[in-house]
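Text of entry.cif (mmCIF, C-alpha atoms, pLDDT in the B column; chains and numbers go by the auth columns) as supplied:
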data_my_file
loop_
_atom_site.group_PDB
_atom_site.id
_atom_site.type_symbol
_atom_site.label_atom_id
_atom_site.label_comp_id
_atom_site.label_asym_id
_atom_site.label_seq_id
_atom_site.Cartn_x
_atom_site.Cartn_y
_atom_site.Cartn_z
_atom_site.B_iso_or_equiv
_atom_site.auth_seq_id
_atom_site.auth_asym_id
ATOM 1 C CA MET A 1 0.000 0.000 0.000 73.00 1 H
ATOM 2 C CA THR A 2 1.410 3.389 -0.971 82.00 2 H
ATOM 3 C CA ASN A 3 1.368 6.411 1.317 79.00 3 H
ATOM 4 C CA GLU A 4 -1.361 8.009 -0.792 82.00 4 H
ATOM 5 C CA GLU A 5 -3.531 4.882 -0.558 82.00 5 H
ATOM 6 C CA LEU A 6 -3.007 4.784 3.204 82.00 6 H
ATOM 7 C CA ILE A 7 -3.949 8.449 3.514 81.00 7 H
ATOM 8 C CA GLN A 8 -7.121 7.904 1.470 82.00 8 H
ATOM 9 C CA LYS A 9 -8.009 4.845 3.563 83.00 9 H
ATOM 10 C CA LEU A 10 -7.571 6.807 6.817 82.00 10 H
ATOM 11 C CA ILE A 11 -9.636 9.708 5.480 83.00 11 H
ATOM 12 C CA GLY A 12 -12.371 7.260 4.504 83.00 12 H
ATOM 13 C CA GLU A 13 -12.342 5.670 7.957 83.00 13 H
ATOM 14 C CA ALA A 14 -12.444 9.102 9.619 82.00 14 H
ATOM 15 C CA ASN A 15 -15.451 10.074 7.501 80.00 15 H
ATOM 16 C CA ILE A 16 -17.225 6.845 8.487 83.00 16 H
ATOM 17 C CA LEU A 17 -16.599 7.597 12.183 84.00 17 H
ATOM 18 C CA ARG A 18 -17.868 11.169 11.729 82.00 18 H
ATOM 19 C CA GLU A 19 -21.038 9.856 10.075 82.00 19 H
ATOM 20 C CA GLN A 20 -21.548 7.339 12.892 81.00 20 H
ATOM 21 C CA ALA A 21 -21.092 10.120 15.468 80.00 21 H
ATOM 22 C CA ASN A 22 -23.649 12.301 13.703 79.00 22 H
ATOM 23 C CA ASN A 23 -26.067 9.355 13.575 78.00 23 H
ATOM 24 C CA LEU A 24 -25.617 8.791 17.322 78.00 24 H
ATOM 25 C CA ILE A 25 -26.304 12.468 18.009 73.00 25 H
ATOM 26 C CA ALA A 26 -29.424 12.325 15.825 75.00 26 H
ATOM 27 C CA LEU A 27 -30.585 9.215 17.665 75.00 27 H
ATOM 28 C CA SER A 28 -30.029 10.868 21.046 70.00 28 H
ATOM 29 C CA ARG A 29 -32.128 13.826 19.862 67.00 29 H
ATOM 30 C CA GLU A 30 -34.916 11.439 18.848 70.00 30 H
ATOM 31 C CA ILE A 31 -34.823 9.891 22.304 71.00 31 H
ATOM 32 C CA ASN A 32 -34.561 13.261 24.048 65.00 32 H
ATOM 33 C CA PRO A 33 -35.862 16.148 21.873 63.00 33 H
ATOM 34 C CA HIS A 34 -34.420 18.659 24.345 62.00 34 H
ATOM 35 C CA PHE A 35 -30.887 17.441 23.629 58.00 35 H
ATOM 36 C CA ILE A 36 -29.520 20.513 21.853 58.00 36 H
ATOM 37 C CA ARG A 37 -26.346 21.049 23.850 57.00 37 H
ATOM 38 C CA ASP A 38 -24.058 20.617 20.855 54.00 38 H
ATOM 39 C CA GLU A 39 -24.473 20.951 17.135 54.00 39 H
ATOM 40 C CA TYR A 40 -23.397 18.288 14.692 53.00 40 H
ATOM 41 C CA ILE A 41 -19.653 17.856 14.520 55.00 41 H
ATOM 42 C CA ASP A 42 -19.236 19.149 10.976 58.00 42 H
ATOM 43 C CA ASP A 43 -18.147 22.627 12.154 63.00 43 H
ATOM 44 C CA ILE A 44 -14.342 22.380 12.323 68.00 44 H
ATOM 45 C CA ASP A 45 -13.827 25.680 14.166 72.00 45 H
ATOM 46 C CA ARG A 46 -16.367 24.734 16.806 72.00 46 H
ATOM 47 C CA ASP A 47 -14.831 21.268 17.116 72.00 47 H
ATOM 48 C CA ARG A 48 -11.384 22.796 17.638 76.00 48 H
ATOM 49 C CA GLU A 49 -12.832 25.073 20.307 79.00 49 H
ATOM 50 C CA HIS A 50 -14.396 22.078 22.095 78.00 50 H
ATOM 51 C CA VAL A 51 -11.101 20.165 21.950 80.00 51 H
ATOM 52 C CA ALA A 52 -9.113 23.187 23.193 82.00 52 H
ATOM 53 C CA ASN A 53 -11.568 23.685 26.089 83.00 53 H
ATOM 54 C CA LEU A 54 -11.356 20.018 26.999 86.00 54 H
ATOM 55 C CA GLU A 55 -7.551 20.113 26.819 87.00 55 H
ATOM 56 C CA ASN A 56 -7.575 23.134 29.140 85.00 56 H
ATOM 57 C CA ARG A 57 -9.809 21.251 31.589 87.00 57 H
ATOM 58 C CA ILE A 58 -7.551 18.194 31.485 89.00 58 H
ATOM 59 C CA LEU A 59 -4.461 20.344 32.068 90.00 59 H
ATOM 60 C CA MET A 60 -6.126 22.142 34.980 87.00 60 H
ATOM 61 C CA TYR A 61 -7.138 18.811 36.493 89.00 61 H
ATOM 62 C CA ILE A 62 -3.587 17.485 36.190 89.00 62 H
ATOM 63 C CA GLU A 63 -2.306 20.727 37.735 87.00 63 H
ATOM 64 C CA TYR A 64 -4.705 20.186 40.645 87.00 64 H
ATOM 65 C CA ARG A 65 -3.843 16.486 41.097 88.00 65 H
ATOM 66 C CA ASP A 66 -0.097 16.767 40.296 88.00 66 H
ATOM 67 C CA GLN A 67 -0.012 13.347 38.564 89.00 67 H
ATOM 68 C CA VAL A 68 -2.786 11.301 36.957 89.00 68 H
ATOM 69 C CA THR A 69 -3.342 8.106 35.001 87.00 69 H
ATOM 70 C CA ALA A 70 -5.379 7.820 31.819 85.00 70 H
ATOM 71 C CA LYS A 71 -7.997 5.883 33.805 85.00 71 H
ATOM 72 C CA GLU A 72 -8.353 8.792 36.248 88.00 72 H
ATOM 73 C CA ILE A 73 -8.844 11.175 33.308 88.00 73 H
ATOM 74 C CA THR A 74 -11.435 8.804 31.795 85.00 74 H
ATOM 75 C CA ASP A 75 -13.329 8.597 35.087 86.00 75 H
ATOM 76 C CA ARG A 76 -13.118 12.315 35.847 87.00 76 H
ATOM 77 C CA PHE A 77 -14.325 13.464 32.413 84.00 77 H
ATOM 78 C CA ASP A 78 -16.719 10.557 31.880 82.00 78 H
ATOM 79 C CA PHE A 79 -15.076 9.510 28.621 79.00 79 H
ATOM 80 C CA PRO A 80 -16.618 6.447 26.994 73.00 80 H
ATOM 81 C CA THR A 81 -14.579 3.265 27.329 72.00 81 H
ATOM 82 C CA GLY A 82 -14.444 0.286 25.020 62.00 82 H
ATOM 83 C CA TYR A 83 -15.189 2.324 21.882 58.00 83 H
ATOM 84 C CA PRO A 84 -13.714 2.494 19.320 55.00 84 H
ATOM 85 C CA SER A 85 -11.041 0.184 20.753 54.00 85 H
ATOM 86 C CA HIS A 86 -11.895 -2.695 23.062 48.00 86 H
ATOM 87 C CA GLU A 87 -8.229 -3.466 23.748 55.00 87 H
ATOM 88 C CA ASN A 88 -7.505 -0.024 25.156 61.00 88 H
ATOM 89 C CA GLU A 89 -10.287 0.935 27.551 53.00 89 H
ATOM 90 C CA THR A 90 -9.047 4.492 27.972 54.00 90 H
ATOM 91 C CA MET A 91 -8.417 5.232 24.324 73.00 91 H
ATOM 92 C CA ILE A 92 -9.934 8.736 24.223 81.00 92 H
ATOM 93 C CA ALA A 93 -7.936 9.793 27.266 83.00 93 H
ATOM 94 C CA HIS A 94 -4.778 8.399 25.673 83.00 94 H
ATOM 95 C CA VAL A 95 -5.455 10.366 22.477 82.00 95 H
ATOM 96 C CA PHE A 96 -5.691 13.619 24.466 86.00 96 H
ATOM 97 C CA LEU A 97 -2.741 12.815 26.720 87.00 97 H
ATOM 98 C CA ASN A 98 -0.433 11.710 23.907 86.00 98 H
ATOM 99 C CA ASN A 99 -1.358 14.769 21.843 87.00 99 H
ATOM 100 C CA MET A 100 -0.531 17.068 24.750 89.00 100 H
ATOM 101 C CA LEU A 101 2.698 15.092 25.266 90.00 101 H
ATOM 102 C CA ARG A 102 3.656 15.834 21.634 90.00 102 H
ATOM 103 C CA LEU A 103 2.845 19.519 22.173 90.00 103 H
ATOM 104 C CA GLY A 104 5.188 19.581 25.179 92.00 104 H
ATOM 105 C CA TYR A 105 2.496 20.173 27.834 92.00 105 H
ATOM 106 C CA LEU A 106 2.903 16.815 29.606 92.00 106 H
ATOM 107 C CA ARG A 107 5.556 14.356 30.650 90.00 107 H
ATOM 108 C CA ARG A 108 4.961 10.641 30.979 89.00 108 H
ATOM 109 C CA TYR A 109 6.443 8.364 33.614 87.00 109 H
ATOM 110 C CA GLU A 110 6.847 4.862 32.229 82.00 110 H
ATOM 111 C CA ASP A 111 8.392 3.121 35.238 71.00 111 H
ATOM 112 C CA GLU A 112 5.036 1.964 36.629 66.00 112 H
ATOM 113 C CA GLY A 113 2.480 -0.529 35.317 71.00 113 H
ATOM 114 C CA GLU A 114 0.206 2.243 34.055 77.00 114 H
ATOM 115 C CA TYR A 115 1.661 5.487 32.722 84.00 115 H
ATOM 116 C CA ARG A 116 1.453 8.488 35.022 87.00 116 H
ATOM 117 C CA TRP A 117 1.220 11.944 33.524 87.00 117 H
ATOM 118 C CA SER A 118 2.255 15.316 34.940 91.00 118 H
ATOM 119 C CA LEU A 119 2.604 18.851 33.620 89.00 119 H
ATOM 120 C CA THR A 120 5.725 20.370 32.163 91.00 120 H
ATOM 121 C CA ALA A 121 6.522 24.045 32.700 90.00 121 H
ATOM 122 C CA GLN A 122 4.942 24.745 29.301 89.00 122 H
ATOM 123 C CA GLY A 123 1.775 22.900 30.351 86.00 123 H
ATOM 124 C CA SER A 124 1.579 24.913 33.574 85.00 124 H
ATOM 125 C CA GLU A 125 1.866 28.114 31.561 85.00 125 H
ATOM 126 C CA ARG A 126 -0.891 27.014 29.177 82.00 126 H
ATOM 127 C CA CYS A 127 -3.416 26.446 31.973 79.00 127 H
ATOM 128 C CA LYS A 128 -2.595 29.611 33.973 76.00 128 H
ATOM 129 C CA LEU A 129 -4.828 31.946 31.954 71.00 129 H
ATOM 130 C CA PRO A 130 -7.939 29.702 32.035 69.00 130 H
ATOM 131 C CA ILE A 131 -7.450 29.262 35.787 66.00 131 H
ATOM 132 C CA LEU A 132 -7.150 33.028 36.318 67.00 132 H
ATOM 133 C CA LEU A 133 -10.245 33.674 34.208 65.00 133 H
ATOM 134 C CA GLU A 134 -12.303 31.114 36.076 67.00 134 H
ATOM 135 C CA LYS A 135 -11.214 32.409 39.482 65.00 135 H
ATOM 136 C CA ASN A 136 -12.212 35.967 38.557 61.00 136 H
ATOM 137 C CA PRO A 137 -15.858 36.504 39.607 60.00 137 H
ATOM 138 C CA HIS A 138 -16.441 38.744 36.580 59.00 138 H
ATOM 139 C CA TRP A 139 -14.462 36.742 34.022 52.00 139 H
ATOM 140 C CA GLU A 140 -17.211 37.007 31.390 53.00 140 H
ATOM 141 C CA GLU A 141 -16.804 40.799 31.430 54.00 141 H
ATOM 142 C CA LEU A 142 -13.072 40.718 30.656 49.00 142 H
ATOM 143 C CA PHE A 143 -12.121 41.927 27.184 46.00 143 H
ATOM 144 C CA PHE A 144 -8.720 41.775 25.567 42.00 144 H
#
Output the file's structure as structure tokens, nothing else.
Amino acid sequence: MTNEELIQKLIGEANILREQANNLIALSREINPHFIRDEYIDDIDRDREHVANLENRILMYIEYRDQVTAKEITDRFDFPTGYPSHENETMIAHVFLNNMLRLGYLRRYEDEGEYRWSLTAQGSERCKLPILLEKNPHWEELFF
């Protein structure tokens, strides 16, 4: 398989997952018509905003706890387990944690049975502003 064929295959699989996610959201709205918390996930800018907000929350939680495991992140943020990978029950947490590791926000300790994650100096800097905004009683009135 060439690189181009692999890329096309991955894009196809990603589109299938996006369609399945949209179908699940539609089904949840049929079950509960008042479920309008989020729009469909076709809006890339809004998706990036959701991911950035979730990353900020994860970083702030790690800052609060000092060190965490992927299981603790999964439990704290109520991530689904067993989908899309049954072998790795904390897959979504691992995706977030490994991405933030690549960005330099986290460090991983591999000397234990389950990886433990903690913040780097860069990660601490990234979560300082959201923490300051949330601690300010009038944070919604702040303009830059």
Given the file above and the PyMOL selection byres ((chain H and resi 97) around 9), which residues are selected, and can you give them as a compact mmCIF listing (two decimals) with C-alpha atoms, keeping the file's coordinate frame?
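Once everything was written out, this is selection.txt:
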# COMPACT_ATOMS: atom_id res chain seq x y z
CA GLU H 55 -7.55 20.11 26.82
CA ILE H 58 -7.55 18.19 31.48
CA ALA H 70 -5.38 7.82 31.82
CA ILE H 92 -9.93 8.74 24.22
CA ALA H 93 -7.94 9.79 27.27
CA HIS H 94 -4.78 8.40 25.67
CA VAL H 95 -5.46 10.37 22.48
CA PHE H 96 -5.69 13.62 24.47
CA ASN H 98 -0.43 11.71 23.91
CA ASN H 99 -1.36 14.77 21.84
CA MET H 100 -0.53 17.07 24.75
CA LEU H 101 2.70 15.09 25.27
CA ARG H 102 3.66 15.83 21.63
CA LEU H 106 2.90 16.82 29.61
CA TRP H 117 1.22 11.94 33.52
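The coordinates place CA of Met60 in chain H at 13.0 Å from CA of Ala121 in chain H.
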note = Pairwise distance, CA of Val68 in chain H with CA of Glu49 in chain H, equals 23.8 Å
ask   = Which residues, protein or nucleic acid, reach to within 12 Å of (-14.8, 9.2, 29.5) in the file's coordinates when using all atoms listed in the file, and can you give that as a list in words?
value =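 Residues lying no farther than 12 Å from the given point: Leu54, Ile58, Ala70, Lys71, Glu72, Ile73, Thr74, Asp75, Arg76, Phe77, Asp78, Phe79, Pro80, Thr81, Gly82, Tyr83, Glu89, Thr90, Met91, Ile92, Ala93, His94, Val95 and Phe96 of chain H.
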Write the residues you've just listed into a file as an mmCIF file, keeping the file's coordinate frame, and include C-alpha atoms for each of them.
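Saved file result14.cif follows:
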data_model
loop_
_atom_site.group_PDB
_atom_site.id
_atom_site.type_symbol
_atom_site.label_atom_id
_atom_site.label_comp_id
_atom_site.auth_asym_id
_atom_site.auth_seq_id
_atom_site.Cartn_x
_atom_site.Cartn_y
_atom_site.Cartn_z
ATOM 1 C CA LEU H 54 -11.356 20.018 26.999
ATOM 2 C CA ILE H 58 -7.551 18.194 31.485
ATOM 3 C CA ALA H 70 -5.379 7.820 31.819
ATOM 4 C CA LYS H 71 -7.997 5.883 33.805
ATOM 5 C CA GLU H 72 -8.353 8.792 36.248
ATOM 6 C CA ILE H 73 -8.844 11.175 33.308
ATOM 7 C CA THR H 74 -11.435 8.804 31.795
ATOM 8 C CA ASP H 75 -13.329 8.597 35.087
ATOM 9 C CA ARG H 76 -13.118 12.315 35.847
ATOM 10 C CA PHE H 77 -14.325 13.464 32.413
ATOM 11 C CA ASP H 78 -16.719 10.557 31.880
ATOM 12 C CA PHE H 79 -15.076 9.510 28.621
ATOM 13 C CA PRO H 80 -16.618 6.447 26.994
ATOM 14 C CA THR H 81 -14.579 3.265 27.329
ATOM 15 C CA GLY H 82 -14.444 0.286 25.020
ATOM 16 C CA TYR H 83 -15.189 2.324 21.882
ATOM 17 C CA GLU H 89 -10.287 0.935 27.551
ATOM 18 C CA THR H 90 -9.047 4.492 27.972
ATOM 19 C CA MET H 91 -8.417 5.232 24.324
ATOM 20 C CA ILE H 92 -9.934 8.736 24.223
ATOM 21 C CA ALA H 93 -7.936 9.793 27.266
ATOM 22 C CA HIS H 94 -4.778 8.399 25.673
ATOM 23 C CA VAL H 95 -5.455 10.366 22.477
ATOM 24 C CA PHE H 96 -5.691 13.619 24.466
#
Which protein, DNA or RNA residues have an atom at most 9 Å from (-0.9, 25.5, 28.5), counting all atoms listed in the file? List them as a PDB file with C-alpha atoms, in the coordinates of the input.
ATOM      1  CA  GLU H  55      -7.551  20.113  26.819  1.00 87.00           C
ATOM      2  CA  ASN H  56      -7.575  23.134  29.140  1.00 85.00           C
ATOM      3  CA  LEU H  59      -4.461  20.344  32.068  1.00 90.00           C
ATOM      4  CA  MET H  60      -6.126  22.142  34.980  1.00 87.00           C
ATOM      5  CA  TYR H 105       2.496  20.173  27.834  1.00 92.00           C
ATOM      6  CA  ALA H 121       6.522  24.045  32.700  1.00 90.00           C
ATOM      7  CA  GLN H 122       4.942  24.745  29.301  1.00 89.00           C
ATOM      8  CA  GLY H 123       1.775  22.900  30.351  1.00 86.00           C
ATOM      9  CA  SER H 124       1.579  24.913  33.574  1.00 85.00           C
ATOM     10  CA  GLU H 125       1.866  28.114  31.561  1.00 85.00           C
ATOM     11  CA  ARG H 126      -0.891  27.014  29.177  1.00 82.00           C
ATOM     12  CA  CYS H 127      -3.416  26.446  31.973  1.00 79.00           C
ATOM     13  CA  LYS H 128      -2.595  29.611  33.973  1.00 76.00           C
ATOM     14  CA  LEU H 129      -4.828  31.946  31.954  1.00 71.00           C
ATOM     15  CA  PRO H 130      -7.939  29.702  32.035  1.00 69.00           C
TER      16      PRO H 130
END
request  = Work out how far apart CA of Gln67 in chain H and CA of Ser118 in chain H are and give it in Å to one decimal.
outcome  =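 Those two atoms sit 4.7 Å apart.
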For range 22-32 of chain H, I'd like the enclosing box, axis-aligned and padded by 8 Å on every side, reported as lines of an AutoDock Vina configuration file with centre and edge lengths in Å to one decimal.
center_x = -29.3
center_y = 11.3
center_z = 18.8
size_x = 27.3
size_y = 21.0
size_z = 26.5
